[in-house]
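Have a look at run.tsv below; it lists TSV, C-alpha atoms.
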```tsv
chain	number	residue	atom	x	y	z
A	1	MET	CA	-50.57	-29.67	-94.57
A	2	GLY	CA	-54.14	-29.17	-95.71
A	3	LEU	CA	-55.40	-30.76	-98.89
A	4	THR	CA	-55.85	-27.39	-100.59
A	5	SER	CA	-52.63	-25.75	-99.34
A	6	ASN	CA	-50.13	-24.38	-101.84
A	7	ALA	CA	-47.28	-25.88	-99.80
A	8	LEU	CA	-48.63	-29.40	-100.38
A	9	LEU	CA	-48.98	-28.81	-104.11
A	10	VAL	CA	-45.47	-27.39	-104.43
A	11	SER	CA	-44.04	-30.30	-102.40
A	12	ALA	CA	-45.80	-32.85	-104.61
A	13	VAL	CA	-44.55	-31.20	-107.80
A	14	LEU	CA	-40.97	-31.01	-106.48
A	15	LEU	CA	-41.10	-34.67	-105.49
A	16	ALA	CA	-42.32	-35.65	-108.96
A	17	VAL	CA	-39.51	-33.64	-110.59
A	18	LEU	CA	-36.86	-35.14	-108.30
A	19	LEU	CA	-38.11	-38.65	-108.95
A	20	PHE	CA	-38.04	-38.04	-112.71
A	21	VAL	CA	-34.47	-36.71	-112.55
A	22	GLY	CA	-33.47	-39.59	-110.28
A	23	THR	CA	-34.95	-42.12	-112.69
A	24	VAL	CA	-33.00	-40.69	-115.63
A	25	TRP	CA	-29.81	-40.56	-113.54
A	26	LEU	CA	-30.03	-44.07	-112.12
A	27	TRP	CA	-31.45	-45.84	-115.17
A	28	PRO	CA	-28.01	-46.85	-116.64
A	29	ARG	CA	-27.06	-48.49	-113.34
A	30	LEU	CA	-30.30	-50.42	-113.31
A	31	ALA	CA	-30.12	-51.51	-116.96
A	32	ARG	CA	-28.93	-54.97	-116.00
A	33	ARG	CA	-30.59	-58.29	-115.55
A	34	GLY	CA	-31.47	-59.67	-112.20
A	35	TRP	CA	-34.32	-59.19	-109.82
A	36	ARG	CA	-32.71	-56.28	-107.99
A	37	ALA	CA	-32.19	-54.24	-111.15
A	38	VAL	CA	-35.70	-55.04	-112.42
A	39	SER	CA	-37.24	-54.20	-109.03
A	40	GLY	CA	-35.33	-50.91	-108.99
A	41	ARG	CA	-36.62	-49.93	-112.42
A	42	VAL	CA	-40.19	-50.88	-111.53
A	43	GLY	CA	-39.97	-49.03	-108.21
A	44	LEU	CA	-38.64	-45.83	-109.77
A	45	LEU	CA	-41.23	-45.84	-112.56
A	46	LEU	CA	-44.06	-46.57	-110.15
A	47	ALA	CA	-42.96	-43.87	-107.69
A	48	THR	CA	-42.61	-41.31	-110.47
A	49	GLN	CA	-46.02	-42.14	-111.91
A	50	VAL	CA	-47.67	-41.91	-108.49
A	51	ALA	CA	-45.98	-38.57	-107.78
A	52	VAL	CA	-47.13	-37.18	-111.14
A	53	PHE	CA	-50.66	-38.48	-110.57
A	54	VAL	CA	-50.79	-36.90	-107.09
A	55	SER	CA	-49.50	-33.58	-108.43
A	56	VAL	CA	-52.08	-33.49	-111.20
A	57	GLY	CA	-54.83	-34.49	-108.77
A	58	LEU	CA	-53.90	-31.80	-106.26
A	59	CYS	CA	-53.73	-29.19	-109.03
A	60	ALA	CA	-57.14	-30.23	-110.36
A	61	ASN	CA	-58.62	-30.14	-106.86
A	62	GLN	CA	-57.28	-26.63	-106.27
A	63	THR	CA	-58.62	-25.50	-109.65
A	64	PHE	CA	-62.07	-27.07	-109.46
A	65	GLY	CA	-62.61	-27.33	-105.69
A	66	PHE	CA	-63.77	-30.93	-105.50
A	67	TYR	CA	-62.70	-31.63	-101.89
A	68	ALA	CA	-61.98	-29.23	-99.04
A	69	SER	CA	-60.03	-31.49	-96.67
A	70	TRP	CA	-58.46	-34.92	-96.28
A	71	ALA	CA	-61.53	-36.12	-94.38
A	72	ASP	CA	-63.71	-34.90	-97.23
A	73	LEU	CA	-61.53	-36.70	-99.81
A	74	PHE	CA	-61.58	-40.05	-98.01
A	75	GLY	CA	-65.24	-39.86	-97.01
A	76	LYS	CA	-64.43	-39.53	-93.31
A	77	GLU	CA	-66.73	-36.57	-92.69
A	78	ARG	CA	-69.11	-37.67	-89.97
A	79	GLY	CA	-72.53	-36.59	-88.84
A	80	GLU	CA	-75.41	-35.00	-90.66
A	81	GLY	CA	-74.27	-31.40	-90.33
A	82	VAL	CA	-76.92	-30.81	-87.65
A	83	VAL	CA	-76.54	-28.82	-84.45
A	84	VAL	CA	-79.17	-29.91	-81.95
A	85	ASP	CA	-78.47	-27.75	-78.88
A	86	HIS	CA	-77.29	-24.36	-80.02
A	87	ASP	CA	-77.51	-21.27	-77.84
A	88	PHE	CA	-78.76	-18.64	-80.27
A	89	ALA	CA	-78.33	-15.98	-77.63
A	90	ASP	CA	-74.58	-16.53	-78.08
A	91	GLY	CA	-74.28	-14.47	-81.27
A	92	GLY	CA	-77.32	-15.62	-83.24
A	93	PRO	CA	-77.64	-18.03	-86.16
A	94	LEU	CA	-74.98	-16.23	-88.28
A	95	GLN	CA	-71.50	-15.31	-87.17
A	96	VAL	CA	-68.65	-13.77	-89.16
A	97	VAL	CA	-65.45	-15.73	-88.54
A	98	ASP	CA	-63.06	-14.15	-91.06
A	99	THR	CA	-62.75	-11.47	-93.75
A	100	GLN	CA	-60.69	-11.16	-96.92
A	101	PRO	CA	-60.36	-8.57	-99.67
A	102	VAL	CA	-61.66	-9.03	-103.21
A	103	LYS	CA	-58.87	-9.49	-105.76
A	104	VAL	CA	-59.54	-6.33	-107.75
A	105	ALA	CA	-57.77	-2.99	-108.04
A	106	GLY	CA	-58.03	-1.24	-104.69
A	107	GLY	CA	-59.52	-4.37	-103.15
A	108	SER	CA	-57.73	-3.88	-99.84
A	109	ARG	CA	-60.23	-1.10	-99.07
A	110	PRO	CA	-63.82	-2.42	-98.67
A	111	ARG	CA	-65.40	0.81	-99.94
A	112	VAL	CA	-63.44	0.37	-103.18
A	113	GLY	CA	-63.24	-3.37	-103.72
A	114	GLY	CA	-65.95	-4.71	-101.44
A	115	GLN	CA	-65.26	-7.52	-99.00
A	116	ILE	CA	-65.64	-11.27	-98.65
A	117	GLN	CA	-66.73	-12.48	-95.22
A	118	LYS	CA	-66.54	-16.09	-94.12
A	119	ILE	CA	-69.55	-16.95	-91.97
A	120	ASP	CA	-70.99	-19.84	-90.00
A	121	ILE	CA	-74.74	-20.35	-90.23
A	122	VAL	CA	-77.00	-22.46	-88.02
A	123	GLY	CA	-80.56	-22.87	-89.26
A	124	ARG	CA	-83.11	-21.86	-86.62
A	125	THR	CA	-85.73	-24.32	-87.87
A	126	THR	CA	-83.61	-27.10	-89.42
A	127	HIS	CA	-80.59	-26.86	-87.07
A	128	ILE	CA	-78.35	-27.42	-90.08
A	129	ALA	CA	-74.92	-25.87	-89.60
A	130	THR	CA	-72.74	-24.93	-92.55
A	131	PRO	CA	-70.02	-22.44	-93.48
A	132	ALA	CA	-70.45	-19.95	-96.31
A	133	TYR	CA	-68.86	-16.87	-97.86
A	134	VAL	CA	-70.62	-13.54	-98.30
A	135	TYR	CA	-69.52	-11.01	-100.91
A	136	LEU	CA	-70.45	-7.45	-99.99
A	137	PRO	CA	-70.14	-4.89	-102.81
A	138	PRO	CA	-68.19	-1.64	-102.30
A	139	GLU	CA	-71.43	0.34	-102.00
A	140	TYR	CA	-72.25	-1.60	-98.84
A	141	PHE	CA	-69.39	0.25	-97.09
A	142	GLN	CA	-69.91	3.70	-98.60
A	143	SER	CA	-71.53	6.35	-96.40
A	144	ARG	CA	-73.98	7.54	-99.04
A	145	TYR	CA	-75.50	4.03	-99.17
A	146	ARG	CA	-75.55	3.45	-95.40
A	147	THR	CA	-79.35	3.18	-95.30
A	148	ARG	CA	-79.74	1.29	-98.56
A	149	THR	CA	-80.70	-2.36	-98.77
A	150	PHE	CA	-79.33	-4.66	-101.47
A	151	PRO	CA	-80.65	-7.64	-103.43
A	152	ALA	CA	-79.01	-10.96	-102.59
A	153	ALA	CA	-78.33	-14.15	-104.48
A	154	ALA	CA	-77.38	-17.51	-103.03
A	155	VAL	CA	-74.67	-19.12	-105.16
A	156	LEU	CA	-74.23	-22.90	-104.98
A	157	THR	CA	-71.42	-25.16	-106.11
A	158	GLY	CA	-71.81	-28.57	-107.65
A	159	TYR	CA	-71.20	-31.83	-105.80
A	160	PRO	CA	-68.87	-32.42	-104.05
A	161	GLY	CA	-67.48	-28.91	-104.61
A	162	THR	CA	-66.20	-26.35	-102.12
A	163	ALA	CA	-67.45	-22.85	-101.39
A	164	GLU	CA	-63.90	-21.57	-101.93
A	165	ALA	CA	-64.12	-22.68	-105.57
A	166	LEU	CA	-66.83	-20.09	-106.19
A	167	ILE	CA	-64.27	-17.44	-105.26
A	168	LYS	CA	-60.97	-18.86	-106.50
A	169	GLY	CA	-62.15	-20.90	-109.48
A	170	LEU	CA	-65.35	-19.26	-110.73
A	171	HIS	CA	-64.51	-15.69	-109.62
A	172	TYR	CA	-68.03	-14.68	-108.63
A	173	PRO	CA	-66.97	-11.72	-106.43
A	174	GLN	CA	-64.55	-10.33	-109.02
A	175	THR	CA	-67.09	-10.71	-111.81
A	176	ALA	CA	-69.88	-9.07	-109.79
A	177	HIS	CA	-67.56	-6.20	-108.88
A	178	GLU	CA	-66.54	-5.59	-112.51
A	179	LEU	CA	-70.10	-5.79	-113.84
A	180	ALA	CA	-71.42	-3.35	-111.24
A	181	ARG	CA	-68.49	-1.00	-111.82
A	182	ASP	CA	-69.28	-0.97	-115.54
A	183	GLY	CA	-72.99	-0.38	-114.91
A	184	ARG	CA	-74.05	-3.76	-116.28
A	185	MET	CA	-75.66	-4.93	-113.03
A	186	GLN	CA	-76.78	-3.42	-109.76
A	187	PRO	CA	-74.64	-3.99	-106.64
A	188	MET	CA	-75.65	-7.33	-105.09
A	189	ILE	CA	-74.80	-9.40	-102.06
A	190	LEU	CA	-73.68	-12.93	-102.93
A	191	VAL	CA	-73.97	-15.78	-100.41
A	192	MET	CA	-71.67	-18.57	-101.62
A	193	LEU	CA	-71.83	-22.11	-100.26
A	194	ARG	CA	-72.11	-25.81	-101.02
A	195	PRO	CA	-75.49	-27.46	-101.58
A	196	THR	CA	-74.01	-30.35	-99.60
A	197	VAL	CA	-74.84	-29.36	-96.03
A	198	ALA	CA	-74.32	-32.89	-94.65
A	199	PRO	CA	-71.00	-34.01	-96.20
A	200	PRO	CA	-70.10	-36.44	-97.55
A	201	ARG	CA	-73.74	-37.12	-98.38
A	202	ASP	CA	-75.27	-35.49	-101.45
A	203	THR	CA	-78.69	-34.42	-100.21
A	204	GLU	CA	-79.84	-32.88	-103.54
A	205	CYS	CA	-81.62	-30.08	-101.64
A	206	VAL	CA	-84.31	-32.52	-100.47
A	207	ASP	CA	-86.08	-32.56	-97.10
A	208	ILE	CA	-85.08	-36.14	-96.39
A	209	PRO	CA	-87.54	-38.00	-94.13
A	210	GLY	CA	-85.72	-38.54	-90.85
A	211	GLY	CA	-82.66	-36.77	-92.23
A	212	PRO	CA	-81.34	-33.31	-93.10
A	213	GLN	CA	-84.08	-30.86	-94.08
A	214	THR	CA	-81.95	-29.33	-96.80
A	215	GLU	CA	-84.68	-27.72	-98.88
A	216	SER	CA	-86.13	-26.00	-95.83
A	217	PHE	CA	-82.68	-24.74	-94.88
A	218	PHE	CA	-82.24	-23.01	-98.24
A	219	ALA	CA	-85.87	-21.89	-98.48
A	220	LYS	CA	-86.15	-20.38	-94.99
A	221	ASP	CA	-83.16	-20.56	-92.68
A	222	LEU	CA	-80.53	-19.23	-95.06
A	223	PRO	CA	-82.40	-16.11	-96.26
A	224	ASP	CA	-83.70	-15.43	-92.74
A	225	ALA	CA	-80.22	-15.58	-91.19
A	226	VAL	CA	-78.58	-13.48	-93.89
A	227	SER	CA	-81.36	-10.88	-93.95
A	228	ALA	CA	-81.18	-10.51	-90.17
A	229	HIS	CA	-77.45	-9.81	-90.30
A	230	TYR	CA	-76.98	-7.85	-93.53
A	231	ARG	CA	-78.90	-5.05	-95.26
A	232	VAL	CA	-80.87	-7.23	-97.68
A	233	GLY	CA	-84.15	-6.07	-99.22
A	234	GLU	CA	-87.13	-7.38	-97.29
A	235	LYS	CA	-89.80	-7.42	-99.98
A	236	PRO	CA	-90.49	-10.45	-102.20
A	237	GLY	CA	-88.19	-10.22	-105.16
A	238	SER	CA	-85.04	-9.38	-103.20
A	239	TRP	CA	-83.58	-12.91	-103.38
A	240	GLY	CA	-82.34	-15.01	-106.28
A	241	ILE	CA	-80.35	-18.24	-106.47
A	242	ILE	CA	-77.66	-19.48	-108.87
A	243	GLY	CA	-75.84	-22.81	-109.13
A	244	ASP	CA	-73.88	-25.10	-111.38
A	245	SER	CA	-74.46	-28.83	-111.88
A	246	THR	CA	-76.01	-30.13	-108.63
A	247	GLY	CA	-76.18	-26.54	-107.42
A	248	GLY	CA	-77.95	-25.65	-110.66
A	249	TYR	CA	-80.60	-28.30	-110.06
A	250	CYS	CA	-81.04	-26.99	-106.52
A	251	ALA	CA	-81.32	-23.39	-107.75
A	252	LEU	CA	-84.05	-24.24	-110.24
A	253	LYS	CA	-85.93	-26.41	-107.75
A	254	LEU	CA	-85.86	-23.79	-105.01
A	255	ALA	CA	-87.11	-21.09	-107.37
A	256	VAL	CA	-89.88	-23.41	-108.64
A	257	HIS	CA	-90.91	-24.70	-105.20
A	258	HIS	CA	-90.50	-21.39	-103.37
A	259	PRO	CA	-91.23	-18.47	-105.70
A	260	GLU	CA	-92.29	-16.39	-102.69
A	261	VAL	CA	-88.63	-16.53	-101.56
A	262	TYR	CA	-86.61	-16.74	-104.77
A	263	ALA	CA	-87.82	-14.44	-107.52
A	264	ALA	CA	-85.28	-15.95	-109.93
A	265	GLY	CA	-83.26	-19.14	-110.23
A	266	ALA	CA	-80.39	-19.87	-112.61
A	267	GLY	CA	-79.10	-23.38	-113.30
A	268	LEU	CA	-75.80	-23.67	-115.18
A	269	SER	CA	-75.41	-27.15	-116.68
A	270	ALA	CA	-78.23	-28.23	-114.42
A	271	TYR	CA	-80.22	-31.43	-114.47
A	272	TYR	CA	-83.92	-31.61	-113.71
A	273	LYS	CA	-84.50	-34.64	-111.52
A	274	ALA	CA	-82.80	-35.71	-108.28
A	275	PRO	CA	-80.66	-38.81	-108.88
A	276	ILE	CA	-80.43	-41.78	-106.56
A	277	ASP	CA	-76.92	-43.21	-106.29
A	278	PRO	CA	-74.35	-44.20	-103.64
A	279	THR	CA	-73.61	-40.53	-102.85
A	280	THR	CA	-77.25	-39.67	-102.14
A	281	GLY	CA	-78.52	-42.76	-100.40
A	282	ASP	CA	-82.29	-43.10	-100.08
A	283	LEU	CA	-83.59	-39.56	-100.38
A	284	PHE	CA	-87.32	-40.28	-100.35
A	285	HIS	CA	-87.90	-43.32	-98.11
A	286	GLY	CA	-90.89	-44.43	-100.16
A	287	ASP	CA	-92.56	-41.01	-100.22
A	288	GLU	CA	-93.89	-40.88	-103.78
A	289	GLU	CA	-95.03	-37.26	-103.53
A	290	LEU	CA	-91.57	-36.19	-102.39
A	291	ARG	CA	-89.98	-38.15	-105.23
A	292	ASN	CA	-92.28	-36.56	-107.81
A	293	SER	CA	-91.70	-33.06	-106.44
A	294	ALA	CA	-87.95	-33.56	-106.87
A	295	ASP	CA	-88.56	-34.06	-110.61
A	296	LEU	CA	-88.93	-30.51	-111.95
A	297	ARG	CA	-90.63	-31.62	-115.17
A	298	TRP	CA	-93.23	-33.60	-113.24
A	299	TYR	CA	-93.75	-30.68	-110.86
A	300	LEU	CA	-94.31	-28.14	-113.62
A	301	LYS	CA	-96.79	-30.45	-115.35
A	302	HIS	CA	-98.83	-31.31	-112.26
A	303	ARG	CA	-98.62	-28.28	-109.99
A	304	PRO	CA	-99.72	-24.66	-110.47
A	305	ALA	CA	-97.16	-22.70	-112.45
A	306	PRO	CA	-94.92	-20.73	-110.05
A	307	ASP	CA	-94.53	-16.99	-110.50
A	308	THR	CA	-90.75	-16.96	-110.88
A	309	SER	CA	-88.05	-16.47	-113.52
A	310	LEU	CA	-85.71	-19.27	-114.55
A	311	LEU	CA	-82.46	-19.32	-116.51
A	312	VAL	CA	-80.85	-22.50	-117.85
A	313	SER	CA	-77.59	-22.99	-119.70
A	314	SER	CA	-76.07	-25.72	-121.86
A	315	SER	CA	-73.83	-26.28	-124.89
A	316	LYS	CA	-74.73	-27.76	-128.26
A	317	VAL	CA	-71.49	-29.74	-128.22
A	318	GLY	CA	-69.92	-31.04	-125.03
A	319	GLU	CA	-72.87	-31.11	-122.63
A	320	ALA	CA	-74.82	-34.30	-121.98
A	321	ASP	CA	-77.87	-32.34	-120.81
A	322	TYR	CA	-78.37	-30.32	-124.01
A	323	GLN	CA	-81.48	-32.15	-125.26
A	324	ASP	CA	-82.99	-32.30	-121.76
A	325	THR	CA	-82.45	-28.55	-121.44
A	326	LEU	CA	-84.26	-27.87	-124.72
A	327	LYS	CA	-87.19	-29.98	-123.53
A	328	PHE	CA	-87.26	-28.17	-120.20
A	329	ILE	CA	-87.33	-24.80	-121.97
A	330	GLU	CA	-90.30	-25.87	-124.08
A	331	LEU	CA	-92.12	-27.18	-121.02
A	332	VAL	CA	-91.67	-23.95	-119.08
A	333	LYS	CA	-92.76	-21.89	-122.10
A	334	SER	CA	-96.08	-23.71	-122.00
A	335	ARG	CA	-96.72	-22.68	-118.38
A	336	ARG	CA	-98.26	-19.33	-117.54
A	337	HIS	CA	-96.58	-17.12	-114.93
A	338	THR	CA	-93.23	-18.94	-115.14
A	339	ARG	CA	-90.63	-17.18	-117.30
A	340	ILE	CA	-87.67	-18.93	-118.91
A	341	SER	CA	-84.41	-17.64	-120.40
A	342	SER	CA	-81.37	-19.54	-121.62
A	343	ILE	CA	-77.68	-19.38	-122.44
A	344	ILE	CA	-76.80	-21.91	-125.14
A	345	LEU	CA	-73.16	-22.08	-126.20
A	346	ASP	CA	-72.01	-23.63	-129.46
A	347	SER	CA	-69.50	-25.72	-127.54
A	348	GLY	CA	-68.55	-26.12	-123.93
A	349	GLY	CA	-68.56	-28.70	-121.20
A	350	HIS	CA	-69.40	-29.56	-117.63
A	351	ASN	CA	-66.50	-27.55	-116.24
A	352	PHE	CA	-65.31	-24.27	-114.74
A	353	ASN	CA	-64.11	-22.82	-118.03
A	354	THR	CA	-67.60	-23.08	-119.50
A	355	TRP	CA	-69.31	-21.71	-116.39
A	356	ARG	CA	-66.92	-18.75	-116.24
A	357	ARG	CA	-68.15	-17.83	-119.74
A	358	GLU	CA	-71.77	-17.99	-118.57
A	359	ILE	CA	-71.49	-16.25	-115.19
A	360	PRO	CA	-71.33	-12.62	-116.44
A	361	GLY	CA	-74.54	-13.02	-118.43
A	362	THR	CA	-76.14	-14.90	-115.54
A	363	LEU	CA	-75.35	-12.15	-113.02
A	364	GLU	CA	-76.67	-9.48	-115.39
A	365	TRP	CA	-79.85	-11.48	-115.91
A	366	MET	CA	-80.26	-12.02	-112.15
A	367	SER	CA	-79.66	-8.35	-111.40
A	368	GLY	CA	-82.44	-7.34	-113.75
A	369	ARG	CA	-84.96	-9.50	-111.92
A	370	LEU	CA	-84.29	-8.59	-108.32
A	371	SER	CA	-85.38	-5.63	-106.23
A	372	ASP	CA	-83.19	-3.78	-103.73
A	373	ARG	CA	-86.15	-2.92	-101.49
```

Mind converting the file's structure to structure tokens?
Amino acid sequence: MGLTSNALLVSAVLLAVLLFVGTVWLWPRLARRGWRAVSGRVGLLLATQVAVFVSVGLCANQTFGFYASWADLFGKERGEGVVVDHDFADGGPLQVVDTQPVKVAGGSRPRVGGQIQKIDIVGRTTHIATPAYVYLPPEYFQSRYRTRTFPAAAVLTGYPGTAEALIKGLHYPQTAHELARDGRMQPMILVMLRPTVAPPRDTECVDIPGGPQTESFFAKDLPDAVSAHYRVGEKPGSWGIIGDSTGGYCALKLAVHHPEVYAAGAGLSAYYKAPIDPTTGDLFHGDEELRNSADLRWYLKHRPAPDTSLLVSSSKVGEADYQDTLKFIELVKSRRHTRISSIILDSGGHNFNTWRREIPGTLEWMSGRLSDR
């Protein structure tokens, strides 16, 4: 059974319940002295605690999408996520591998509820291969819009995160559908994926010397592949990017570094400088310019102000990045051509519940800054 399967979660919960009932039932028989009775009590308590812990962990993983598979959980993912010899004539750099309806009223019909397509992408220039999900709004399938192009936004998870969590946990397709239906945003294509294109390594959207060229993948290969396959606007201003946590840092960095590609970038609970820790490894290999460029505050102080729009979010209580976010807002306000907006909650946290409160406003904001041509 897969790590995220409902059958595994149900089995773990049933086991925990059975062990609890068994402990209560057998406890009087084990309430004696002697090593056997003591060992029995310890064994039952330990087994019950482990079963409860596993059940809670599986539930949390399904809710927040931390790990997609057993290999992902135990750090057994191998390779750098790079395809070296790919025959692009065999279907091109983007292929649709599955479809699913959007969980809204009438969602079984694409022209009413839109559609979610699972795709595989191989970067033409970086040779990075990664799966993703594409949300297509209902208008995409309606005959009166058959010649229309749509704005698109890349949507990134945090680390480790799973792309499925953007659908099941953060409800991006459902929220976009409802907002467009109510006239609060224009119909948009959403491309949902992990910023981690070389799992289990956290590449922080950096072009790592001698390693995955993650920033180039998101700045060129991803929009090129999607635009070649779907009806996305071709003019500058058709693409935006959104993310939470690590994905939020990546979204802001890509909008700042590549304003000619991303007209707007939104970072929910983002940070502003690439960390170096055991999950990232050595991102810069002594390249001081690359290190500085990965620090958004340094970049905005020392490089020409990019012509892009940024949105940041935080909470006065519950978010460790609140003061850093205020400083970042003030820095951007001092730079010409770069526009800054914010969502500041009175209380919140670094979690899905907080981001679900911020996503409707973020999608509305993004919609107002992108062109469908």

_Using all atoms listed in the file, list the residues that have an atom at most 12 Å from (-93.1, -15.0, -117.4), coordinates as in the file, as a list in words._
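Those within range, by chain then number, are Ala263, Ala264, Ala305, Pro306, Asp307, Thr308, Ser309, Leu310, Leu311, Val332, Lys333, Ser334, Arg335, Arg336, His337, Thr338, Arg339, Ile340, Ser341 and Arg369 of chain A.
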
*Surrounding residues of region 293-295 of chain A excluding itself and chain neighbours under 5 positions, 12 Å, all atoms listed in the file, as a PyMOL selection string*: chain A and resi 203-208+215+249-250+252-254+256-257+271-276+283-284+287-288+300-303+328

*What does the distance from CA of Arg291 (chain A) to CA of Asp277 (chain A) come to in Å, to one decimal?*
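Interatomic distance, CA of Arg291 (chain A) to CA of Asp277 (chain A): 14.0 Å.
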
*What does the distance between CA of Glu178 (chain A) and CA of Met366 (chain A) come to in Å, to one decimal place?*
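Going from CA of Glu178 (chain A) over to CA of Met366 (chain A), I get 15.2 Å.
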
_Using all atoms listed in the file, can you tell me which of A:Ala154, A:Leu296, A:Ala255, A:Leu44 comes closest to Leu222 (chain A)?_
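Of all the options, A:Ala154 lies closest to Leu222 (chain A).
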
*Choose the residue, out of A:Gly158, A:Pro101, A:Pro209, A:Pro199, that has the smallest atom-to-atom separation from Ala270 (chain A); count only C-alpha atoms.*
A:Gly158

*Any idea what the distance is between CA of Arg231 (chain A) and CA of Val261 (chain A)?*
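Atom-to-atom, CA of Arg231 (chain A) and CA of Val261 (chain A) are spaced 16.3 Å apart.
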
Can you tell me, as an mmCIF file with C-alpha atoms, keeping the file's coordinate frame, what residues are no more than 7 Å from region 169-176 of chain A when counting all atoms listed in the file, ignoring any on the same chain fewer than 4 positions away?
```cif
data_model
loop_
_atom_site.group_PDB
_atom_site.id
_atom_site.type_symbol
_atom_site.label_atom_id
_atom_site.label_comp_id
_atom_site.auth_asym_id
_atom_site.auth_seq_id
_atom_site.Cartn_x
_atom_site.Cartn_y
_atom_site.Cartn_z
ATOM 1 C CA THR A 63 -58.620 -25.500 -109.650
ATOM 2 C CA PHE A 64 -62.070 -27.070 -109.460
ATOM 3 C CA VAL A 102 -61.660 -9.030 -103.210
ATOM 4 C CA LYS A 103 -58.870 -9.490 -105.760
ATOM 5 C CA VAL A 104 -59.540 -6.330 -107.750
ATOM 6 C CA TYR A 135 -69.520 -11.010 -100.910
ATOM 7 C CA ALA A 165 -64.120 -22.680 -105.570
ATOM 8 C CA ALA A 180 -71.420 -3.350 -111.240
ATOM 9 C CA PHE A 352 -65.310 -24.270 -114.740
ATOM 10 C CA ARG A 356 -66.920 -18.750 -116.240
ATOM 11 C CA PRO A 360 -71.330 -12.620 -116.440
#
```

*asked:* From (-72.5, -27.0, -98.9), in the file's coordinates, out to 9 Å: which residues are reached, counting only C-alpha atoms? Answer as a ChimeraX atom specification.
replied: /A:130-132,156-163,192-199

*Contacts of Asp321 (chain A) at 12 Å (all atoms listed in the file; same-chain gap of 3+ positions) as number ranges by chain*: A: 245, 249, 267-273, 312-318, 324-328, 344, 348-350

Since we have the selection now, will you write its residues out, keeping C-alpha atoms, as a short mmCIF file (atom, residue, chain, number, x, y, z; two decimals), in the frame of the given file?
```
data_model
loop_
_atom_site.label_atom_id
_atom_site.label_comp_id
_atom_site.auth_asym_id
_atom_site.auth_seq_id
_atom_site.Cartn_x
_atom_site.Cartn_y
_atom_site.Cartn_z
CA SER A 245 -74.46 -28.83 -111.88
CA TYR A 249 -80.60 -28.30 -110.06
CA GLY A 267 -79.10 -23.38 -113.30
CA LEU A 268 -75.80 -23.67 -115.18
CA SER A 269 -75.41 -27.15 -116.68
CA ALA A 270 -78.23 -28.23 -114.42
CA TYR A 271 -80.22 -31.43 -114.47
CA TYR A 272 -83.92 -31.61 -113.71
CA LYS A 273 -84.50 -34.64 -111.52
CA VAL A 312 -80.85 -22.50 -117.85
CA SER A 313 -77.59 -22.99 -119.70
CA SER A 314 -76.07 -25.72 -121.86
CA SER A 315 -73.83 -26.28 -124.89
CA LYS A 316 -74.73 -27.76 -128.26
CA VAL A 317 -71.49 -29.74 -128.22
CA GLY A 318 -69.92 -31.04 -125.03
CA ASP A 324 -82.99 -32.30 -121.76
CA THR A 325 -82.45 -28.55 -121.44
CA LEU A 326 -84.26 -27.87 -124.72
CA LYS A 327 -87.19 -29.98 -123.53
CA PHE A 328 -87.26 -28.17 -120.20
CA ILE A 344 -76.80 -21.91 -125.14
CA GLY A 348 -68.55 -26.12 -123.93
CA GLY A 349 -68.56 -28.70 -121.20
CA HIS A 350 -69.40 -29.56 -117.63
#
```

*For Ile119 (chain A), the nearest of the candidates A:Ala37, A:Val96, A:Leu58, A:Leu166, counting only C-alpha atoms*: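 With only C-alpha atoms as the atom set, the closest residue is A:Val96.
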
Could the centre and edge lengths of an axis-aligned box, enclosing all atoms of region 22-30 of chain A in the file with 3 Å extra on each side, be given in Å to one decimal as AutoDock Vina command-line options?
```
--center_x -31.0 --center_y -45.0 --center_z -113.5 --size_x 13.9 --size_y 16.8 --size_z 12.4
```
